[in-house]
file final-v6.pdb (PDB, C-alpha atoms)
ATOM      1  CA  MET A   1       7.032  12.113  18.228
ATOM      2  CA  SER A   2       3.725  10.859  16.820
ATOM      3  CA  HIS A   3       3.104   7.147  16.322
ATOM      4  CA  VAL A   4       3.025   7.751  12.566
ATOM      5  CA  ALA A   5       6.401   9.519  12.588
ATOM      6  CA  TYR A   6       8.038   6.716  14.538
ATOM      7  CA  GLU A   7       6.471   3.896  12.558
ATOM      8  CA  LEU A   8       7.264   5.319   9.145
ATOM      9  CA  SER A   9      10.899   5.738  10.222
ATOM     10  CA  THR A  10      11.243   2.011  10.990
ATOM     11  CA  GLN A  11      10.174   0.767   7.562
ATOM     12  CA  PRO A  12      13.567  -0.228   6.101
ATOM     13  CA  ASP A  13      14.368  -2.339   9.180
ATOM     14  CA  CYS A  14      10.975  -4.050   8.881
ATOM     15  CA  TRP A  15      11.592  -4.748   5.190
ATOM     16  CA  GLU A  16      14.815  -6.527   6.040
ATOM     17  CA  ARG A  17      13.026  -8.755   8.533
ATOM     18  CA  ALA A  18      10.218  -9.528   6.097
ATOM     19  CA  ALA A  19      12.683 -10.503   3.366
ATOM     20  CA  GLU A  20      14.446 -12.832   5.816
ATOM     21  CA  LEU A  21      11.110 -14.330   6.862
ATOM     22  CA  ALA A  22       9.842 -15.033   3.337
ATOM     23  CA  PRO A  23      11.848 -18.241   2.689
ATOM     24  CA  ALA A  24      10.839 -19.701   6.050
ATOM     25  CA  ARG A  25       7.148 -19.112   5.285
ATOM     26  CA  ARG A  26       7.274 -20.326   1.686
ATOM     27  CA  GLU A  27       4.720 -23.098   2.259
ATOM     28  CA  ALA A  28       2.168 -20.597   3.555
ATOM     29  CA  LEU A  29       2.487 -18.353   0.506
ATOM     30  CA  PRO A  30       1.307 -18.879  -3.096
ATOM     31  CA  ARG A  31       3.155 -21.524  -5.073
ATOM     32  CA  PRO A  32       4.250 -20.972  -8.673
ATOM     33  CA  GLY A  33       1.442 -21.856 -11.029
ATOM     34  CA  GLU A  34      -1.381 -21.331  -8.552
ATOM     35  CA  ARG A  35      -4.216 -19.046  -9.598
ATOM     36  CA  VAL A  36      -4.266 -16.473  -6.815
ATOM     37  CA  ALA A  37      -6.323 -13.516  -5.619
ATOM     38  CA  VAL A  38      -4.943 -11.001  -3.115
ATOM     39  CA  VAL A  39      -7.505  -9.053  -1.100
ATOM     40  CA  GLY A  40      -7.587  -6.295   1.484
ATOM     41  CA  CYS A  41      -9.379  -3.108   2.492
ATOM     42  CA  GLY A  42      -8.117   0.447   2.111
ATOM     43  CA  THR A  43      -4.335   0.525   2.187
ATOM     44  CA  SER A  44      -4.155  -3.273   2.143
ATOM     45  CA  TYR A  45      -6.123  -3.348  -1.118
ATOM     46  CA  TYR A  46      -3.585  -1.073  -2.806
ATOM     47  CA  MET A  47      -0.751  -3.264  -1.544
ATOM     48  CA  ALA A  48      -2.682  -6.237  -2.942
ATOM     49  CA  GLN A  49      -2.721  -4.532  -6.354
ATOM     50  CA  ALA A  50       1.035  -4.055  -6.256
ATOM     51  CA  ALA A  51       1.664  -7.617  -5.052
ATOM     52  CA  ALA A  52      -0.548  -9.091  -7.774
ATOM     53  CA  ALA A  53       1.303  -7.185 -10.504
ATOM     54  CA  LEU A  54       4.682  -8.245  -9.098
ATOM     55  CA  ARG A  55       3.687 -11.918  -8.972
ATOM     56  CA  GLU A  56       2.419 -11.981 -12.548
ATOM     57  CA  ALA A  57       5.467 -10.077 -13.819
ATOM     58  CA  ALA A  58       7.705 -12.651 -12.109
ATOM     59  CA  GLY A  59       5.959 -15.433 -14.043
ATOM     60  CA  HIS A  60       4.475 -17.117 -10.974
ATOM     61  CA  GLY A  61       0.938 -17.284 -12.319
ATOM     62  CA  GLU A  62      -2.294 -15.414 -12.867
ATOM     63  CA  THR A  63      -2.934 -13.093  -9.934
ATOM     64  CA  ASP A  64      -5.822 -10.712  -9.294
ATOM     65  CA  ALA A  65      -6.471  -8.123  -6.586
ATOM     66  CA  PHE A  66      -9.805  -7.098  -5.094
ATOM     67  CA  PRO A  67     -11.225  -5.157  -2.188
ATOM     68  CA  ALA A  68     -12.467  -7.818   0.207
ATOM     69  CA  SER A  69     -15.995  -6.451  -0.146
ATOM     70  CA  GLU A  70     -15.914  -6.863  -3.958
ATOM     71  CA  PHE A  71     -14.464 -10.352  -4.253
ATOM     72  CA  PRO A  72     -16.140 -12.104  -7.228
ATOM     73  CA  ALA A  73     -17.686 -15.236  -5.738
ATOM     74  CA  HIS A  74     -18.179 -16.804  -9.179
ATOM     75  CA  ARG A  75     -14.433 -16.973  -9.882
ATOM     76  CA  ARG A  76     -12.324 -19.919  -8.807
ATOM     77  CA  TYR A  77      -8.879 -19.547  -7.291
ATOM     78  CA  ASP A  78      -6.353 -22.013  -5.920
ATOM     79  CA  ARG A  79      -5.531 -19.635  -3.079
ATOM     80  CA  VAL A  80      -6.700 -16.308  -1.715
ATOM     81  CA  VAL A  81      -4.238 -14.149   0.239
ATOM     82  CA  ALA A  82      -5.753 -11.643   2.668
ATOM     83  CA  LEU A  83      -3.723  -8.676   3.908
ATOM     84  CA  THR A  84      -5.088  -7.443   7.228
ATOM     85  CA  ARG A  85      -3.141  -5.493   9.805
ATOM     86  CA  SER A  86      -5.769  -5.690  12.546
ATOM     87  CA  GLY A  87      -7.233  -9.105  11.781
ATOM     88  CA  THR A  88     -10.642  -7.732  12.738
ATOM     89  CA  THR A  89     -11.948  -6.015   9.592
ATOM     90  CA  THR A  90     -15.458  -7.261   8.967
ATOM     91  CA  GLU A  91     -15.273  -7.606   5.181
ATOM     92  CA  VAL A  92     -12.080  -9.672   5.382
ATOM     93  CA  LEU A  93     -13.452 -11.957   8.083
ATOM     94  CA  ASP A  94     -16.695 -12.496   6.191
ATOM     95  CA  LEU A  95     -14.826 -13.322   2.996
ATOM     96  CA  LEU A  96     -12.478 -15.775   4.700
ATOM     97  CA  ALA A  97     -15.398 -17.531   6.366
ATOM     98  CA  GLY A  98     -17.135 -17.902   3.014
ATOM     99  CA  LEU A  99     -13.998 -19.195   1.307
ATOM    100  CA  ARG A 100     -13.466 -21.726   4.088
ATOM    101  CA  ASP A 101     -16.978 -23.050   3.546
ATOM    102  CA  ALA A 102     -16.275 -23.225  -0.197
ATOM    103  CA  GLY A 103     -13.041 -25.167   0.322
ATOM    104  CA  VAL A 104     -10.699 -22.483  -1.075
ATOM    105  CA  ARG A 105      -7.270 -22.403   0.555
ATOM    106  CA  THR A 106      -6.492 -19.079   2.220
ATOM    107  CA  THR A 107      -3.470 -17.289   3.652
ATOM    108  CA  ALA A 108      -3.698 -14.288   5.979
ATOM    109  CA  VAL A 109      -0.795 -11.880   6.342
ATOM    110  CA  ILE A 110      -1.454 -10.189   9.680
ATOM    111  CA  GLY A 111       0.008  -7.798  12.216
ATOM    112  CA  ASP A 112      -1.780  -9.000  15.336
ATOM    113  CA  PRO A 113      -2.005 -12.783  15.889
ATOM    114  CA  ALA A 114      -4.491 -12.460  18.774
ATOM    115  CA  THR A 115      -7.414 -11.698  16.471
ATOM    116  CA  PRO A 116     -10.357 -13.588  14.922
ATOM    117  CA  VAL A 117      -8.673 -13.993  11.540
ATOM    118  CA  THR A 118      -6.385 -16.690  12.929
ATOM    119  CA  GLY A 119      -9.318 -19.068  13.213
ATOM    120  CA  LEU A 120     -10.485 -18.513   9.641
ATOM    121  CA  ALA A 121      -7.372 -18.728   7.444
ATOM    122  CA  ASP A 122      -5.652 -21.990   6.556
ATOM    123  CA  ASP A 123      -2.187 -20.430   6.705
ATOM    124  CA  LEU A 124      -0.862 -17.430   8.610
ATOM    125  CA  VAL A 125       2.138 -15.184   8.168
ATOM    126  CA  VAL A 126       2.523 -12.984  11.233
ATOM    127  CA  LEU A 127       4.310  -9.642  10.863
ATOM    128  CA  ASP A 128       3.888  -8.578  14.481
ATOM    129  CA  PHE A 129       7.193  -6.712  14.346
ATOM    130  CA  ALA A 130       5.546  -4.368  11.805
ATOM    131  CA  ASP A 131       2.239  -3.897  13.630
ATOM    132  CA  GLU A 132       1.307  -0.317  14.437
ATOM    133  CA  GLN A 133      -0.439   1.800  17.039
ATOM    134  CA  SER A 134      -1.404   4.440  14.491
ATOM    135  CA  VAL A 135      -4.672   4.516  12.581
ATOM    136  CA  VAL A 136      -2.824   5.458   9.392
ATOM    137  CA  GLN A 137      -0.907   2.506   7.977
ATOM    138  CA  THR A 138       2.712   2.885   6.920
ATOM    139  CA  ARG A 139       5.122   0.149   7.946
ATOM    140  CA  PHE A 140       2.710  -2.796   8.079
ATOM    141  CA  ALA A 141       1.540  -2.160   4.536
ATOM    142  CA  THR A 142       4.989  -1.787   3.018
ATOM    143  CA  THR A 143       6.316  -4.732   5.031
ATOM    144  CA  ALA A 144       3.500  -6.995   3.830
ATOM    145  CA  LEU A 145       4.264  -5.973   0.259
ATOM    146  CA  THR A 146       7.968  -6.612   0.835
ATOM    147  CA  LEU A 147       7.180 -10.128   2.090
ATOM    148  CA  LEU A 148       5.235 -10.937  -1.077
ATOM    149  CA  ARG A 149       7.785  -9.192  -3.262
ATOM    150  CA  ALA A 150      10.636 -11.169  -1.733
ATOM    151  CA  HIS A 151       8.637 -14.379  -2.157
ATOM    152  CA  VAL A 152       8.633 -13.911  -5.945
ATOM    153  CA  GLY A 153      12.269 -12.802  -6.107
ATOM    154  CA  GLY A 154      11.653  -9.079  -6.542
ATOM    155  CA  HIS A 155      13.315  -7.748  -3.387
ATOM    156  CA  SER A 156      16.950  -6.755  -2.970
ATOM    157  CA  ALA A 157      19.210  -5.018  -0.476
ATOM    158  CA  ALA A 158      19.111  -1.985  -2.767
ATOM    159  CA  VAL A 159      15.437  -1.470  -1.894
ATOM    160  CA  VAL A 160      16.310  -1.239   1.806
ATOM    161  CA  ALA A 161      19.173   1.140   1.043
ATOM    162  CA  ASP A 162      16.797   3.319  -0.949
ATOM    163  CA  GLY A 163      14.332   3.246   1.936
ATOM    164  CA  ARG A 164      16.950   4.482   4.366
ATOM    165  CA  ALA A 165      18.001   7.242   1.982
ATOM    166  CA  ALA A 166      14.358   8.258   1.570
ATOM    167  CA  LEU A 167      14.100   8.855   5.317
ATOM    168  CA  THR A 168      16.754  11.572   5.282
ATOM    169  CA  ASP A 169      16.675  12.971   1.758
ATOM    170  CA  PRO A 170      15.199  16.505   1.939
ATOM    171  CA  LEU A 171      11.750  16.774   0.408
ATOM    172  CA  PRO A 172      11.476  18.990  -2.679
ATOM    173  CA  GLU A 173      11.166  22.654  -1.766
ATOM    174  CA  ARG A 174       7.735  24.280  -1.596
ATOM    175  CA  LEU A 175       5.946  20.947  -1.865
ATOM    176  CA  THR A 176       4.093  21.376   1.425
ATOM    177  CA  SER A 177       2.455  24.534   0.094
ATOM    178  CA  CYS A 178       0.809  22.781  -2.857
ATOM    179  CA  GLY A 179      -2.965  22.610  -2.808
ATOM    180  CA  GLN A 180      -3.349  19.401  -4.806
ATOM    181  CA  PHE A 181      -1.209  16.287  -5.362
ATOM    182  CA  THR A 182      -1.268  13.693  -8.134
ATOM    183  CA  PHE A 183       0.680  10.424  -7.885
ATOM    184  CA  LEU A 184       1.553   8.275 -10.888
ATOM    185  CA  GLY A 185       2.841   4.737 -11.265
ATOM    186  CA  ARG A 186       3.529   2.077 -13.870
ATOM    187  CA  GLY A 187       3.112  -1.680 -13.533
ATOM    188  CA  TRP A 188       3.226  -2.691  -9.888
ATOM    189  CA  SER A 189       3.834   0.882  -8.756
ATOM    190  CA  VAL A 190       0.313   1.887  -9.832
ATOM    191  CA  GLY A 191      -0.924   0.325  -6.583
ATOM    192  CA  VAL A 192       1.797   2.194  -4.707
ATOM    193  CA  ALA A 193       0.664   5.460  -6.320
ATOM    194  CA  HIS A 194      -2.916   4.805  -5.207
ATOM    195  CA  GLU A 195      -1.640   4.246  -1.683
ATOM    196  CA  ALA A 196       0.407   7.466  -1.828
ATOM    197  CA  ALA A 197      -2.720   9.456  -2.641
ATOM    198  CA  LEU A 198      -4.664   7.727   0.128
ATOM    199  CA  LYS A 199      -1.967   8.637   2.655
ATOM    200  CA  MET A 200      -2.128  12.290   1.695
ATOM    201  CA  ARG A 201      -5.907  12.269   2.110
ATOM    202  CA  GLU A 202      -5.905  10.356   5.402
ATOM    203  CA  ALA A 203      -3.074  12.083   7.210
ATOM    204  CA  SER A 204      -3.288  15.646   5.905
ATOM    205  CA  LEU A 205      -6.788  16.008   4.378
ATOM    206  CA  SER A 206      -5.117  16.986   1.105
ATOM    207  CA  TRP A 207      -6.742  16.843  -2.303
ATOM    208  CA  ALA A 208      -4.876  13.902  -3.804
ATOM    209  CA  GLU A 209      -5.397  11.741  -6.887
ATOM    210  CA  SER A 210      -3.587   8.799  -8.485
ATOM    211  CA  TYR A 211      -3.416   7.244 -11.932
ATOM    212  CA  PRO A 212      -1.417   4.909 -14.158
ATOM    213  CA  ALA A 213       1.189   7.227 -15.634
ATOM    214  CA  MET A 214       0.194   6.673 -19.260
ATOM    215  CA  GLU A 215      -3.448   7.374 -18.416
ATOM    216  CA  TYR A 216      -2.649  10.734 -16.876
ATOM    217  CA  ARG A 217      -2.623  12.443 -20.275
ATOM    218  CA  HIS A 218      -6.115  11.140 -21.012
ATOM    219  CA  GLY A 219      -7.989  13.751 -19.000
ATOM    220  CA  PRO A 220      -6.565  13.946 -15.462
ATOM    221  CA  ILE A 221      -3.732  16.273 -16.463
ATOM    222  CA  SER A 222      -6.415  18.943 -16.850
ATOM    223  CA  VAL A 223      -6.363  19.463 -13.062
ATOM    224  CA  SER A 224      -2.640  20.257 -13.102
ATOM    225  CA  GLY A 225      -1.529  23.857 -12.896
ATOM    226  CA  PRO A 226       0.217  26.370 -10.641
ATOM    227  CA  GLY A 227       0.032  25.318  -7.001
ATOM    228  CA  THR A 228      -0.284  21.588  -7.778
ATOM    229  CA  ALA A 229       2.299  18.805  -7.792
ATOM    230  CA  THR A 230       2.603  15.625  -9.844
ATOM    231  CA  TRP A 231       4.864  12.919  -8.386
ATOM    232  CA  CYS A 232       5.892   9.869 -10.399
ATOM    233  CA  LEU A 233       6.733   6.759  -8.371
ATOM    234  CA  GLY A 234       9.015   4.954 -10.797
ATOM    235  CA  ASP A 235      10.120   5.692 -14.352
ATOM    236  CA  ALA A 236       8.072   8.330 -16.130
ATOM    237  CA  PRO A 237       6.803   8.009 -19.706
ATOM    238  CA  GLU A 238       8.786   9.967 -22.276
ATOM    239  CA  GLY A 239       7.779  13.608 -22.437
ATOM    240  CA  LEU A 240       5.414  13.590 -19.465
ATOM    241  CA  ALA A 241       7.652  15.658 -17.192
ATOM    242  CA  ASP A 242       7.814  18.435 -19.785
ATOM    243  CA  GLN A 243       4.058  18.317 -20.326
ATOM    244  CA  VAL A 244       3.372  18.636 -16.595
ATOM    245  CA  ALA A 245       5.894  21.452 -16.247
ATOM    246  CA  GLY A 246       4.202  23.198 -19.170
ATOM    247  CA  SER A 247       0.944  23.204 -17.225
ATOM    248  CA  GLY A 248       2.607  25.172 -14.428
ATOM    249  CA  ALA A 249       2.464  22.243 -12.006
ATOM    250  CA  ARG A 250       5.405  21.059  -9.957
ATOM    251  CA  TRP A 251       6.933  17.836 -11.345
ATOM    252  CA  VAL A 252       8.564  15.443  -8.859
ATOM    253  CA  ALA A 253      10.587  12.660 -10.455
ATOM    254  CA  GLY A 254      11.029   9.368  -8.645
ATOM    255  CA  ARG A 255      14.580   9.010  -7.376
ATOM    256  CA  TYR A 256      14.342   5.652  -5.627
ATOM    257  CA  ASP A 257      12.595   2.314  -5.785
ATOM    258  CA  PRO A 258       8.816   2.997  -5.764
ATOM    259  CA  LEU A 259       8.467   1.567  -2.258
ATOM    260  CA  ALA A 260      11.111   3.988  -1.021
ATOM    261  CA  GLU A 261       9.380   6.804  -2.890
ATOM    262  CA  LEU A 262       6.294   5.945  -0.853
ATOM    263  CA  VAL A 263       8.348   6.548   2.296
ATOM    264  CA  ARG A 264       9.039  10.053   1.012
ATOM    265  CA  VAL A 265       5.299  10.537   0.482
ATOM    266  CA  HIS A 266       4.673   9.343   4.051
ATOM    267  CA  ARG A 267       7.035  12.072   5.214
ATOM    268  CA  LEU A 268       5.295  14.638   3.028
ATOM    269  CA  ALA A 269       1.876  13.684   4.398
ATOM    270  CA  LEU A 270       3.190  14.060   7.938
ATOM    271  CA  ALA A 271       4.783  17.422   7.155
ATOM    272  CA  VAL A 272       1.585  18.781   5.592
ATOM    273  CA  ALA A 273      -0.475  17.519   8.541
ATOM    274  CA  VAL A 274       1.819  19.242  11.043
ATOM    275  CA  GLN A 275       1.845  22.442   8.984
ATOM    276  CA  GLN A 276      -1.959  22.484   9.051
ATOM    277  CA  GLY A 277      -2.129  21.831  12.782
ATOM    278  CA  LEU A 278      -3.584  18.334  12.375
ATOM    279  CA  ASP A 279      -2.855  15.377  14.633
ATOM    280  CA  PRO A 280      -1.673  12.581  12.310
ATOM    281  CA  ASP A 281      -2.431  10.002  15.005
ATOM    282  CA  ARG A 282      -6.109  11.028  15.013
ATOM    283  CA  PRO A 283      -7.213  11.316  11.381
ATOM    284  CA  ARG A 284     -10.699  12.639  10.829
ATOM    285  CA  ASN A 285     -13.543  10.085  10.680
ATOM    286  CA  LEU A 286     -11.193   7.096  10.701
ATOM    287  CA  THR A 287     -10.570   4.175  13.049
ATOM    288  CA  ARG A 288      -7.790   1.594  13.095
ATOM    289  CA  SER A 289     -10.161  -1.118  11.906
ATOM    290  CA  VAL A 290     -13.641  -1.088  10.349
ATOM    291  CA  ILE A 291     -15.829  -3.423  12.389
ATOM    292  CA  LEU A 292     -19.454  -3.479  11.293
ATOM    293  CA  ALA A 293     -22.626  -4.402  13.092
ATOM    294  CA  ALA A 294     -24.717  -7.154  11.535
ATOM    295  CA  GLY A 295     -26.294  -5.892   8.316
ATOM    296  CA  GLU A 296     -24.239  -2.680   8.261
ATOM    297  CA  GLU A 297     -22.186  -1.680   5.217
ATOM    298  CA  ALA A 298     -18.744  -0.091   5.435
ATOM    299  CA  VAL A 299     -18.500   3.623   4.881
ATOM    300  CA  ARG A 300     -14.734   3.633   4.579
TER
END
call {"tool": "encode", "arguments": {"input": "final-v6.pdb", "output": "C-alpha cells"}}
result
Amino acid sequence: MSHVAYELSTQPDCWERAAELAPARREALPRPGERVAVVGCGTSYYMAQAAAALREAAGHGETDAFPASEFPAHRRYDRVVALTRSGTTTEVLDLLAGLRDAGVRTTAVIGDPATPVTGLADDLVVLDFADEQSVVQTRFATTALTLLRAHVGGHSAAVVADGRAALTDPLPERLTSCGQFTFLGRGWSVGVAHEAALKMREASLSWAESYPAMEYRHGPISVSGPGTATWCLGDAPEGLADQVAGSGARWVAGRYDPLAELVRVHRLALAVAVQQGLDPDRPRNLTRSVILAAGEEAVR
C-alpha cells in the first residue's frame, strides 16, 4: 500500500481527534471578533480559503485567505493563522518572521513540531497525529480544516460518518477513463473544489480545473463534453446538472459533506494514478516542502 493510500484512509479518525482537540486549543486560535488572515502554500492555501469562508459564515469576524507569498503587507490583522504541514516552507517562514517584527500575533497549525516554524509563531497547534510521509497532502490538510471548522462550531459527527462512507462507497463507473475533470463548489466548498483539482493534477497528472459553481456557466462549461467529468462538491445550482449532461459530460453529484466528497476525489486520483502506472508517492517535479535558497523564488 502506498503512503497516500494509507494516509487518505485514516482521515475520518484524524477528524475526530482534531474536533476533540479544538476546545483545548481555543486560546491559540482566532477569537470571535478578531480580524484574521489564514495563509498557506499549495494545498494549505486552499484549506485556508475554506476555513476563512467558514469563519465568516459562522459570524466570527472578517477573515481573508492568501498564499503566504502574496500576503498584503499593507493590511492590518489582529491575527494571522499559518497552515503548514512541514513547518519548513520558505514563504511561510519568511512571512511569520516579518509579522513577528511587525507585532502581529500569529498561530501556526503544523504537522511536525521539530521544525523552524515553532520559533516564529506566537501560538502553535500541533497535529502530529495527522502528519504524513507522502508528498501529496491528504489527511493533514483535511484535519487542519476540521480543527478550524470545529473551532467555529461547523463540525459534527455526521461529517465523520460521511467520511467513513466515502472510503468504501464505489466511485462512479467509467470515471477513471475521463480525460478531463472539473470540480465545483459553493461558499466554503469552493476552496475544497480547488484542492480537489490540485490533487488530480499532483497525483495523476490529470487535466483538472475548479470553479465556483455559479461561475461555471460563464465560460468554463465550454470545455465540457464527451469524455469529461464535472463533479460538484456540495449542493449544485438549479439546472446545472442538466446543462452539463446536455454537453455530453459526465455529471457527478455530491452525496456527502464536501470534506467527505474530497475523500472520494482522493480515491479517484489514486485510482487514475495506478491505472496510468504512476507512483502516487513520487509525483512528478514535486517535493514534500518547498525550501528556497536565498533570493530564489518558488516555482511550485
call {"tool": "resolve_selection", "arguments": {"input": "final-v6.pdb", "expression": "the PyMOL selection byres ((chain A and resi 153-159) around 12)", "output": "number ranges by chain"}}
result
A: 11-20, 22-23, 26, 32, 50-51, 53-60, 142-143, 145-152, 160-166, 188, 255-263
call {"tool": "resolve_selection", "arguments": {"input": "final-v6.pdb", "expression": "the PyMOL selection byres ((chain A and resi 62) around 7)", "output": "VMD selection string"}}
result
chain A and resid 35 to 36 56 61 63 to 64
call {"tool": "atom_distance", "arguments": {"input": "final-v6.pdb", "atom1": "atom CA of A:Thr115", "atom2": "atom CA of A:Ser86"}}
result
7.4 Å
call {"tool": "resolve_selection", "arguments": {"input": "final-v6.pdb", "expression": "the PyMOL selection byres ((chain A and resi 208) around 9)", "output": "compact mmCIF listing (two decimals) with C-alpha atoms, keeping the file's coordinate frame"}}
result
# COMPACT_ATOMS: atom_id res chain seq x y z
CA GLY A 179 -2.96 22.61 -2.81
CA GLN A 180 -3.35 19.40 -4.81
CA PHE A 181 -1.21 16.29 -5.36
CA THR A 182 -1.27 13.69 -8.13
CA PHE A 183 0.68 10.42 -7.88
CA ALA A 196 0.41 7.47 -1.83
CA ALA A 197 -2.72 9.46 -2.64
CA LEU A 198 -4.66 7.73 0.13
CA LYS A 199 -1.97 8.64 2.66
CA MET A 200 -2.13 12.29 1.70
CA ARG A 201 -5.91 12.27 2.11
CA LEU A 205 -6.79 16.01 4.38
CA SER A 206 -5.12 16.99 1.10
CA TRP A 207 -6.74 16.84 -2.30
CA GLU A 209 -5.40 11.74 -6.89
CA SER A 210 -3.59 8.80 -8.48
call {"tool": "atom_distance", "arguments": {"input": "final-v6.pdb", "atom1": "atom CA of A:Val109", "atom2": "atom CA of A:Asp128"}}
result
10.0 Å
call {"tool": "closest_residue", "arguments": {"input": "final-v6.pdb", "among": "A:Leu21, A:Leu171, A:Ala97, A:Ala245", "to": "A:Val125", "atoms": "all atoms listed in the file"}}
result
A:Leu21
call {"tool": "closest_residue", "arguments": {"input": "final-v6.pdb", "among": "A:Ala130, A:Val39, A:Val223, A:Leu268", "to": "A:Glu7", "atoms": "all atoms listed in the file"}}
result
A:Ala130
call {"tool": "atom_distance", "arguments": {"input": "final-v6.pdb", "atom1": "atom CA of A:Thr43", "atom2": "atom CA of A:Ser222"}}
result
26.6 Å
call {"tool": "residues_around", "arguments": {"input": "final-v6.pdb", "residues": "A:His3", "least_positions_apart": "2", "cutoff": "9 Å", "atoms": "only C-alpha atoms", "output": "list in words"}}
result
Met1, Ala5, Tyr6, Glu7, Leu8, Glu132, Gln133, Ser134, Pro280 and Asp281 of chain A
call {"tool": "write_last_selection", "arguments": {"input": "final-v6.pdb", "atoms": "C-alpha atoms", "output": "compact mmCIF listing (two decimals), in the coordinates of the input"}}
result
# COMPACT_ATOMS: atom_id res chain seq x y z
CA MET A 1 7.03 12.11 18.23
CA ALA A 5 6.40 9.52 12.59
CA TYR A 6 8.04 6.72 14.54
CA GLU A 7 6.47 3.90 12.56
CA LEU A 8 7.26 5.32 9.14
CA GLU A 132 1.31 -0.32 14.44
CA GLN A 133 -0.44 1.80 17.04
CA SER A 134 -1.40 4.44 14.49
CA PRO A 280 -1.67 12.58 12.31
CA ASP A 281 -2.43 10.00 15.00
call {"tool": "axis_aligned_box", "arguments": {"input": "final-v6.pdb", "around": "stretch 193-207 of chain A", "padding_each_side": "4 Å", "output": "lines of an AutoDock Vina configuration file"}}
result
center_x = -3.1
center_y = 10.6
center_z = 0.4
size_x = 15.5
size_y = 20.7
size_z = 21.5
call {"tool": "residues_around", "arguments": {"input": "final-v6.pdb", "residues": "A:Leu95", "least_positions_apart": "2", "cutoff": "8 Å", "atoms": "only C-alpha atoms", "output": "list in words"}}
result
Ala68, Ser69, Phe71, Glu91, Val92, Leu93, Ala97, Gly98 and Leu99 of chain A
call {"tool": "residues_around", "arguments": {"input": "final-v6.pdb", "residues": "A:Val252", "least_positions_apart": "4", "cutoff": "9 Å", "atoms": "all atoms listed in the file", "output": "ChimeraX atom specification"}}
result
/A:172,229-233,241
call {"tool": "write_last_selection", "arguments": {"input": "final-v6.pdb", "atoms": "C-alpha atoms", "output": "short mmCIF file (atom, residue, chain, number, x, y, z; two decimals), in the frame of the given file"}}
result
data_model
loop_
_atom_site.label_atom_id
_atom_site.label_comp_id
_atom_site.auth_asym_id
_atom_site.auth_seq_id
_atom_site.Cartn_x
_atom_site.Cartn_y
_atom_site.Cartn_z
CA PRO A 172 11.48 18.99 -2.68
CA ALA A 229 2.30 18.80 -7.79
CA THR A 230 2.60 15.62 -9.84
CA TRP A 231 4.86 12.92 -8.39
CA CYS A 232 5.89 9.87 -10.40
CA LEU A 233 6.73 6.76 -8.37
CA ALA A 241 7.65 15.66 -17.19
#
call {"tool": "closest_residue", "arguments": {"input": "final-v6.pdb", "among": "A:Pro220, A:Pro67, A:Gly254, A:Gly111", "to": "A:Gln49", "atoms": "only C-alpha atoms"}}
result
A:Pro67
call {"tool": "closest_residue", "arguments": {"input": "final-v6.pdb", "among": "A:Ala269, A:Val117, A:Ala102, A:Leu240", "to": "A:Leu175", "atoms": "all atoms listed in the file"}}
result
A:Ala269
call {"tool": "closest_residue", "arguments": {"input": "final-v6.pdb", "among": "A:Arg250, A:Thr90, A:Arg264, A:Thr10", "to": "A:Phe129", "atoms": "all atoms listed in the file"}}
result
A:Thr10
call {"tool": "residues_around", "arguments": {"input": "final-v6.pdb", "residues": "A:Pro226", "least_positions_apart": "3", "cutoff": "8 Å", "atoms": "all atoms listed in the file", "output": "PyMOL selection string"}}
result
chain A and resi 247-250
call {"tool": "closest_residue", "arguments": {"input": "final-v6.pdb", "among": "A:Ser44, A:Ser9, A:Gln276, A:Thr107", "to": "A:Ala144", "atoms": "only C-alpha atoms"}}
result
A:Ser44
